[in-house]
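K.L.:
Before we start, here is the structure in question, set down as structure tokens.
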Amino acid sequence: MTAPLASQGLISDGTELAVALGLGFLFGFFLERAGFGSSRKLAAQFYLYDMSVLKVMFTAIVTAMTGLWLLAAIGWLDLGEIYLVPTFVLPQFVGGLVLGAGFVIGGYCPGTSVAGMATGRIDAMVYALGMLAGLAVYAEVYPAIAAWTKTTALGDAVWPDLLGLPRGLLVVVVALVAAALFYGATKVERAFASWRPAGTP
Amino acid sequence: MSETATTTGRARAPYMNPYLAGFGLGLVLLATFVILGRGLGASGAFSAFLVWLMSFASPDYVTSNAVHSGYWNEGRPLMAFLVFLTVGSFTGAAVSGWLAGRSVFVVEHGPRISSGARLALAFAGGAIMAFGAKLASGCTSGQALTGGALLNVGSWTFMIAVFIGGYALAPLVRRQWL
């Protein structure tokens with residue numbers, strides 16, 4: 001086991017921040033390359049004529065998921081050392097619904113709004129102000145919903161453990177599902193091509 | 001909306017192939033796992049930035065609030081992984097947009113809505129998104145991308161809900177985009 005490097009004591013706090021800066025640079029670079037600094041490009045996912053959001057997202061997931069599994073399979077990476085967000089089924093499902101609604105209303109998600117701001121999108125800047133306002137309000141109402149946000153807790157839960165199936169099998173299943181989604185998405189894009197507003201790249 | 005004007009005067013380059021961009025993002029995510037033992041994220045940087053701003057008005061309020069205090073970081077809220085990651089991604093996106101001639105001061109919206117109405121919806125959407133991200137303990141980066149690759153149960157639940165929420169609301173704000 002050599003990785004994660006941070007768990008081997010190879011990364012100091014200062015180094016972590018410097019590495020974050022570099023990885024962030026590449027993260028933002030690829031987001032913008034994909035067109036995700038543009039709210040119209042992002043919102044297009046929900047009007048079916050351009051499903052780049054789904055394609056980029058699932059390609060990234062399949063790439064990282066496969067890489068993690070291979071590195072763990074050869075014994076180079078300890079998956080148990082990678083931080084997992086604990087699962088709270090209901091709050092995360094409801095949070096997802098709310099976030100999805102905010103996505104199509106606001107035109108961005110938090111990461112893509114940064115790409116939007118970096119490329120001059122004024123709607124991204126106003127969206128970010130809305131986020132700060134929403135966070136301030138959330139912190140005020142939190143005591144009233146705190147107990148609910150901790151319900152349906154499963155702790156650190158991953159599908160291989162929950163289903164009792166080998167990770168490698170699930171990696172293959174997810175990759176196949178992604179391939180089917182890509183095939184379907186491209187057909188859907190063709191069917192709804194007439195919805196594309198004039199002048200959008 | 002002056003779609004053709006750019007701040008750099010460069011010709012507007014086409015977007016990268018989505019599978020290629022996704023592969024690039026996936027490698028960045030994998031590198032983050034391998035080096036730091038954690039994934040990417042974005043909403044946390046906004047939380048930290050808000051705490052930093054609020055601390056000028058009242059450090060006591062920040063440290064006594066159950067949500068804000070989590071980002072206080074012993075009085076240095078900006079010295080955090082997610083803040084540095086986000087400063088990096090701002091820079092990376094700025095460079096990419098500049099190279100591609102896509103950087104332009106503009107309010108993006110469809111042809112049937114005013115810029116003012118679009119900005120009002122952008123603000124509202126941001127506020128709603130903030131609630132969703134807090135409830136779900138993460139956003140599209142920290143939950144969907146990161147947890148998706150880790151086969152995290154809560155992250156996949158979240159991701160499916162994001163698409164349901166987006167498609168359910170899309171007809172109501174159609175005029176904003178199409």
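How things are named: the first chain in the structure tokens is A, the next is B, and so on; residues count from 1 in each chain; ligands count from 1 in the order shown.
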Skipping near chain neighbours, those fewer than 3 positions away, what residues fall within 12 Å of segment 170-182 of chain A using only C-alpha atoms, listed as a VMD selection string?
P.N.:
(chain A and resid 50 to 70 158 to 167 185 to 189) or (chain B and resid 18 to 19 148 to 152 156)
K.L.:
Please produce a file of the residues just selected, as a PDB file, in the first residue's frame, where the atoms kept are C-alpha atoms.
P.N.:
ATOM      1  CA  ASP A  50     -27.505  18.811 -25.416  1.00  0.00           C
ATOM      2  CA  MET A  51     -26.767  16.191 -22.761  1.00  0.00           C
ATOM      3  CA  SER A  52     -23.115  17.066 -22.227  1.00  0.00           C
ATOM      4  CA  VAL A  53     -23.645  17.276 -18.455  1.00  0.00           C
ATOM      5  CA  LEU A  54     -24.573  13.603 -18.295  1.00  0.00           C
ATOM      6  CA  LYS A  55     -21.808  12.581 -20.698  1.00  0.00           C
ATOM      7  CA  VAL A  56     -19.041  14.500 -18.922  1.00  0.00           C
ATOM      8  CA  MET A  57     -20.210  13.518 -15.448  1.00  0.00           C
ATOM      9  CA  PHE A  58     -20.530   9.801 -16.099  1.00  0.00           C
ATOM     10  CA  THR A  59     -17.303   9.613 -18.095  1.00  0.00           C
ATOM     11  CA  ALA A  60     -15.504  11.240 -15.153  1.00  0.00           C
ATOM     12  CA  ILE A  61     -17.162   8.870 -12.671  1.00  0.00           C
ATOM     13  CA  VAL A  62     -16.358   5.761 -14.729  1.00  0.00           C
ATOM     14  CA  THR A  63     -12.751   6.906 -15.248  1.00  0.00           C
ATOM     15  CA  ALA A  64     -12.057   7.595 -11.568  1.00  0.00           C
ATOM     16  CA  MET A  65     -14.066   4.559 -10.384  1.00  0.00           C
ATOM     17  CA  THR A  66     -12.164   2.199 -12.695  1.00  0.00           C
ATOM     18  CA  GLY A  67      -8.818   3.741 -11.761  1.00  0.00           C
ATOM     19  CA  LEU A  68      -9.513   3.390  -8.037  1.00  0.00           C
ATOM     20  CA  TRP A  69     -10.551  -0.229  -8.451  1.00  0.00           C
ATOM     21  CA  LEU A  70      -7.481  -1.147 -10.539  1.00  0.00           C
ATOM     22  CA  VAL A 158     -20.742   1.701  -0.359  1.00  0.00           C
ATOM     23  CA  TRP A 159     -22.703  -0.429  -2.819  1.00  0.00           C
ATOM     24  CA  PRO A 160     -20.259  -3.403  -2.824  1.00  0.00           C
ATOM     25  CA  ASP A 161     -20.764  -3.836   0.939  1.00  0.00           C
ATOM     26  CA  LEU A 162     -24.500  -3.108   0.927  1.00  0.00           C
ATOM     27  CA  LEU A 163     -25.233  -5.542  -1.921  1.00  0.00           C
ATOM     28  CA  GLY A 164     -22.569  -8.069  -0.964  1.00  0.00           C
ATOM     29  CA  LEU A 165     -21.158  -8.013  -4.503  1.00  0.00           C
ATOM     30  CA  PRO A 166     -17.519  -7.681  -5.632  1.00  0.00           C
ATOM     31  CA  ARG A 167     -16.476  -4.101  -6.425  1.00  0.00           C
ATOM     32  CA  ALA A 185     -28.546  10.435 -24.688  1.00  0.00           C
ATOM     33  CA  THR A 186     -27.210  10.844 -28.214  1.00  0.00           C
ATOM     34  CA  LYS A 187     -30.495   9.540 -29.645  1.00  0.00           C
ATOM     35  CA  VAL A 188     -32.469  11.894 -27.389  1.00  0.00           C
ATOM     36  CA  GLU A 189     -30.290  14.848 -28.448  1.00  0.00           C
TER      37      GLU A 189
ATOM     38  CA  PRO B  18     -17.637  15.733 -23.706  1.00  0.00           C
ATOM     39  CA  TYR B  19     -16.118  12.252 -23.328  1.00  0.00           C
ATOM     40  CA  GLY B 148     -20.184   8.326  -7.591  1.00  0.00           C
ATOM     41  CA  ALA B 149     -16.635   7.108  -8.255  1.00  0.00           C
ATOM     42  CA  LEU B 150     -16.418   5.634  -4.736  1.00  0.00           C
ATOM     43  CA  LEU B 151     -19.750   3.778  -5.220  1.00  0.00           C
ATOM     44  CA  ASN B 152     -21.043   5.657  -2.163  1.00  0.00           C
ATOM     45  CA  TRP B 156     -25.868   7.676  -5.926  1.00  0.00           C
TER      46      TRP B 156
END
K.L.:
What's the 9 Å shell around Tyr47 of chain A, counting only C-alpha atoms, without same-chain residues fewer than 6 positions away, as number ranges by chain?
P.N.:
A: 192, 195-196; B: 167, 170-171, 174, 177-178
K.L.:
Please dump the current selection as a PDB file, in the first residue's frame; keep N, CA, C and O atoms.
P.N.:
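Printed below is result.pdb as written:
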ATOM      1  N   PHE A 192     -34.504  15.872 -30.053  1.00  0.00           N
ATOM      2  CA  PHE A 192     -34.914  17.182 -29.540  1.00  0.00           C
ATOM      3  C   PHE A 192     -34.045  18.322 -30.087  1.00  0.00           C
ATOM      4  O   PHE A 192     -34.032  19.411 -29.528  1.00  0.00           O
ATOM      5  N   TRP A 195     -35.216  21.909 -30.384  1.00  0.00           N
ATOM      6  CA  TRP A 195     -35.404  22.768 -29.193  1.00  0.00           C
ATOM      7  C   TRP A 195     -34.222  23.701 -28.974  1.00  0.00           C
ATOM      8  O   TRP A 195     -34.295  24.631 -28.182  1.00  0.00           O
ATOM      9  N   ARG A 196     -33.088  23.414 -29.625  1.00  0.00           N
ATOM     10  CA  ARG A 196     -31.888  24.227 -29.408  1.00  0.00           C
ATOM     11  C   ARG A 196     -32.158  25.659 -29.870  1.00  0.00           C
ATOM     12  O   ARG A 196     -32.497  25.890 -31.035  1.00  0.00           O
TER      13      ARG A 196
ATOM     14  N   TYR B 167     -35.368  17.738 -13.914  1.00  0.00           N
ATOM     15  CA  TYR B 167     -36.363  17.509 -14.972  1.00  0.00           C
ATOM     16  C   TYR B 167     -37.764  17.898 -14.519  1.00  0.00           C
ATOM     17  O   TYR B 167     -38.576  18.366 -15.314  1.00  0.00           O
ATOM     18  N   ALA B 170     -37.905  21.739 -14.775  1.00  0.00           N
ATOM     19  CA  ALA B 170     -37.538  22.328 -16.073  1.00  0.00           C
ATOM     20  C   ALA B 170     -38.719  22.953 -16.824  1.00  0.00           C
ATOM     21  O   ALA B 170     -38.580  24.061 -17.363  1.00  0.00           O
ATOM     22  N   PRO B 171     -39.899  22.315 -16.885  1.00  0.00           N
ATOM     23  CA  PRO B 171     -40.993  22.929 -17.632  1.00  0.00           C
ATOM     24  C   PRO B 171     -41.391  24.307 -17.087  1.00  0.00           C
ATOM     25  O   PRO B 171     -41.786  25.190 -17.842  1.00  0.00           O
ATOM     26  N   ARG B 174     -38.874  27.024 -18.374  1.00  0.00           N
ATOM     27  CA  ARG B 174     -38.510  26.845 -19.777  1.00  0.00           C
ATOM     28  C   ARG B 174     -38.257  28.174 -20.489  1.00  0.00           C
ATOM     29  O   ARG B 174     -37.330  28.305 -21.298  1.00  0.00           O
ATOM     30  N   TRP B 177     -34.761  29.679 -20.651  1.00  0.00           N
ATOM     31  CA  TRP B 177     -33.665  29.070 -21.410  1.00  0.00           C
ATOM     32  C   TRP B 177     -33.943  28.909 -22.893  1.00  0.00           C
ATOM     33  O   TRP B 177     -33.027  28.971 -23.711  1.00  0.00           O
ATOM     34  N   LEU B 178     -35.196  28.612 -23.256  1.00  0.00           N
ATOM     35  CA  LEU B 178     -35.470  28.308 -24.672  1.00  0.00           C
ATOM     36  C   LEU B 178     -36.246  29.448 -25.337  1.00  0.00           C
ATOM     37  O   LEU B 178     -36.979  30.150 -24.691  1.00  0.00           O
TER      38      LEU B 178
END
K.L.:
Would you give me, as a VMD selection string, the residues in chain B that DSSP reads as helix (DSSP H, G or I)?
P.N.:
chain B and resid 18 to 36 43 to 57 59 to 64 68 to 71 73 to 75 81 to 100 115 to 135 140 to 149 153 to 177
K.L.:
Find the residues near Gly102 of chain A: any atom within 7 Å, counting only C-alpha atoms, skip ones fewer than 2 places away on the same chain, and give them as a ChimeraX atom specification.
P.N.:
/A:98-100,104-106 /B:125-126,128-129
K.L.:
Quick check, in Å to one decimal: how far apart do atom CA of Trp72 of chain B and atom CA of Leu132 of chain A lie?
P.N.:
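Between atom CA of Trp72 of chain B and atom CA of Leu132 of chain A the gap is 15.7 Å.
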K.L.:
DSSP on the backbone, strand (DSSP E) only: what residues of segment 73-200 of chain A does that give? Format it as a ChimeraX atom specification.
P.N.:
/A:87-88,153-155
K.L.:
Would you output that residue set with N, CA and C atoms, as a CSV table (one decimal), in the first residue's frame?
P.N.:
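result_1.csv written:
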chain,number,residue,atom,x,y,z
A,87,THR,N,-23.6,8.2,4.6
A,87,THR,CA,-24.9,8.2,4.0
A,87,THR,C,-26.1,8.5,4.9
A,88,PHE,N,-26.9,9.4,4.6
A,88,PHE,CA,-28.2,9.7,5.2
A,88,PHE,C,-29.2,9.6,4.1
A,153,ALA,N,-29.7,7.0,8.7
A,153,ALA,CA,-28.2,7.0,8.6
A,153,ALA,C,-27.7,5.6,8.3
A,154,LEU,N,-26.8,5.5,7.3
A,154,LEU,CA,-26.2,4.2,7.1
A,154,LEU,C,-24.7,4.2,7.3
A,155,GLY,N,-24.2,5.4,7.8
A,155,GLY,CA,-22.8,5.5,8.0
A,155,GLY,C,-22.0,5.5,6.7
K.L.:
Taking into account only C-alpha atoms, which residue in the set B:Ser141, B:Ser58, B:Ser96, B:Thr91 is nearest to Pro14 of chain B?
P.N.:
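Nearest candidate to Pro14 of chain B out of B:Ser141, B:Ser58, B:Ser96, B:Thr91: B:Ser96.
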K.L.:
Provide the atom CA of Leu42 of chain A to atom CA of Phe103 of chain A distance in Å, to one decimal place.
P.N.:
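Separation of atom CA of Leu42 of chain A and atom CA of Phe103 of chain A: 8.6 Å.
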K.L.:
To one decimal place, how far is atom CA of Cys109 of chain A from atom CA of Val67 of chain B in Å?
P.N.:
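We find that atom CA of Cys109 of chain A and atom CA of Val67 of chain B lie 20.5 Å from each other.
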K.L.:
Any idea what's packed within 12 Å of Arg121 of chain A, counting only C-alpha atoms, ignoring anything in its chain fewer than 5 positions away? Could you give it as an MDAnalysis selection string?
P.N.:
(chainID A and resid 36:40 107:108 112:116 126:128) or (chainID B and resid 1 3 6:7 93:94 97 102:109 115 118:119 122)
K.L.:
May I ask which of the residues B:Asn65, B:Ser89, B:Thr146, B:Thr140 is the closest one to chain A, counting only C-alpha atoms?
P.N.:
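Distance minimum relative to chain A lands on B:Ser89.
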K.L.:
What's around Phe84 of chain B at 7 Å? Count only C-alpha atoms, leave out sequence neighbours fewer than 6 positions away in its own chain, and write the answer as a list in words.
P.N.:
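Near neighbours after the sequence-gap exclusion: Leu17, Ala20 and Leu21 of chain A.
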K.L.:
Show which residues sit within 7 Å of Leu26 of chain A, as a list in words. Count only C-alpha atoms, and ignore same-chain residues fewer than 2 positions away.
P.N.:
Gly22, Leu23, Gly24, Gly28, Phe29 and Phe30 of chain A; Val28, Ser89 and Gly92 of chain B
K.L.:
Looking at A:Gly120, A:Pro143, A:Gly168, A:Gly184, which one is nearest to chain B, with distances taken over only C-alpha atoms?
P.N.:
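Checking each of A:Gly120, A:Pro143, A:Gly168, A:Gly184 against chain B, counting only C-alpha atoms, the winner is A:Gly120.
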K.L.:
Env of segment 135-137 of chain B: 12 Å cut, atoms = only C-alpha atoms, seq-sep filter 6 positions within chain, self excluded. Answer as a PyMOL selection string.
P.N.:
(chain A and resi 84-100+134-135+138-139+141-142+145-151) or (chain B and resi 41-44+47+67+128-129+143-144+147+154-159+161-162)
K.L.:
For the residues in that selection, give me C-alpha atoms as a PDB file, in the first residue's frame.
P.N.:
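Now in result_15.pdb:
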ATOM      1  CA  LEU A  84     -16.438   8.803   2.418  1.00  0.00           C
ATOM      2  CA  VAL A  85     -19.319  11.205   2.995  1.00  0.00           C
ATOM      3  CA  PRO A  86     -21.572   9.281   5.423  1.00  0.00           C
ATOM      4  CA  THR A  87     -24.917   8.208   3.967  1.00  0.00           C
ATOM      5  CA  PHE A  88     -28.225   9.669   5.202  1.00  0.00           C
ATOM      6  CA  VAL A  89     -30.653   8.267   2.624  1.00  0.00           C
ATOM      7  CA  LEU A  90     -33.663  10.561   3.005  1.00  0.00           C
ATOM      8  CA  PRO A  91     -31.883  13.897   3.605  1.00  0.00           C
ATOM      9  CA  GLN A  92     -29.592  13.188   0.660  1.00  0.00           C
ATOM     10  CA  PHE A  93     -32.483  12.245  -1.605  1.00  0.00           C
ATOM     11  CA  VAL A  94     -34.443  15.377  -0.652  1.00  0.00           C
ATOM     12  CA  GLY A  95     -31.259  17.481  -0.847  1.00  0.00           C
ATOM     13  CA  GLY A  96     -30.726  16.121  -4.359  1.00  0.00           C
ATOM     14  CA  LEU A  97     -34.267  17.058  -5.429  1.00  0.00           C
ATOM     15  CA  VAL A  98     -33.800  20.595  -4.068  1.00  0.00           C
ATOM     16  CA  LEU A  99     -30.364  20.912  -5.648  1.00  0.00           C
ATOM     17  CA  GLY A 100     -31.660  19.689  -9.012  1.00  0.00           C
ATOM     18  CA  GLY A 134     -29.015  30.644   1.034  1.00  0.00           C
ATOM     19  CA  LEU A 135     -26.165  29.368   3.200  1.00  0.00           C
ATOM     20  CA  TYR A 138     -29.761  27.665   6.197  1.00  0.00           C
ATOM     21  CA  ALA A 139     -27.451  28.236   9.167  1.00  0.00           C
ATOM     22  CA  VAL A 141     -33.002  27.489  10.300  1.00  0.00           C
ATOM     23  CA  TYR A 142     -30.670  24.520  10.872  1.00  0.00           C
ATOM     24  CA  ILE A 145     -34.212  20.562  10.981  1.00  0.00           C
ATOM     25  CA  ALA A 146     -30.980  19.304  12.571  1.00  0.00           C
ATOM     26  CA  ALA A 147     -32.552  16.093  13.886  1.00  0.00           C
ATOM     27  CA  TRP A 148     -34.106  15.263  10.497  1.00  0.00           C
ATOM     28  CA  THR A 149     -30.799  15.738   8.634  1.00  0.00           C
ATOM     29  CA  LYS A 150     -29.373  12.844  10.685  1.00  0.00           C
ATOM     30  CA  THR A 151     -32.192  10.383   9.940  1.00  0.00           C
TER      31      THR A 151
ATOM     32  CA  GLY B  41     -15.789  19.603  -3.820  1.00  0.00           C
ATOM     33  CA  ALA B  42     -17.082  23.107  -4.334  1.00  0.00           C
ATOM     34  CA  SER B  43     -19.963  24.076  -2.035  1.00  0.00           C
ATOM     35  CA  GLY B  44     -17.745  23.907   1.061  1.00  0.00           C
ATOM     36  CA  SER B  47     -19.475  28.056   3.221  1.00  0.00           C
ATOM     37  CA  VAL B  67     -23.309  25.327  10.829  1.00  0.00           C
ATOM     38  CA  ILE B 128     -32.154  26.982  -3.370  1.00  0.00           C
ATOM     39  CA  MET B 129     -28.990  25.148  -4.424  1.00  0.00           C
ATOM     40  CA  GLN B 143     -21.358  14.128  -3.742  1.00  0.00           C
ATOM     41  CA  ALA B 144     -22.177  13.155  -7.348  1.00  0.00           C
ATOM     42  CA  GLY B 147     -19.143   9.705  -4.223  1.00  0.00           C
ATOM     43  CA  GLY B 154     -25.781   8.209  -0.401  1.00  0.00           C
ATOM     44  CA  SER B 155     -24.045   9.831  -3.372  1.00  0.00           C
ATOM     45  CA  TRP B 156     -25.868   7.676  -5.926  1.00  0.00           C
ATOM     46  CA  THR B 157     -29.166   8.338  -4.134  1.00  0.00           C
ATOM     47  CA  PHE B 158     -28.363  12.053  -4.310  1.00  0.00           C
ATOM     48  CA  MET B 159     -27.346  11.952  -7.974  1.00  0.00           C
ATOM     49  CA  ALA B 161     -32.560  12.820  -7.105  1.00  0.00           C
ATOM     50  CA  VAL B 162     -30.685  15.724  -8.771  1.00  0.00           C
TER      51      VAL B 162
END
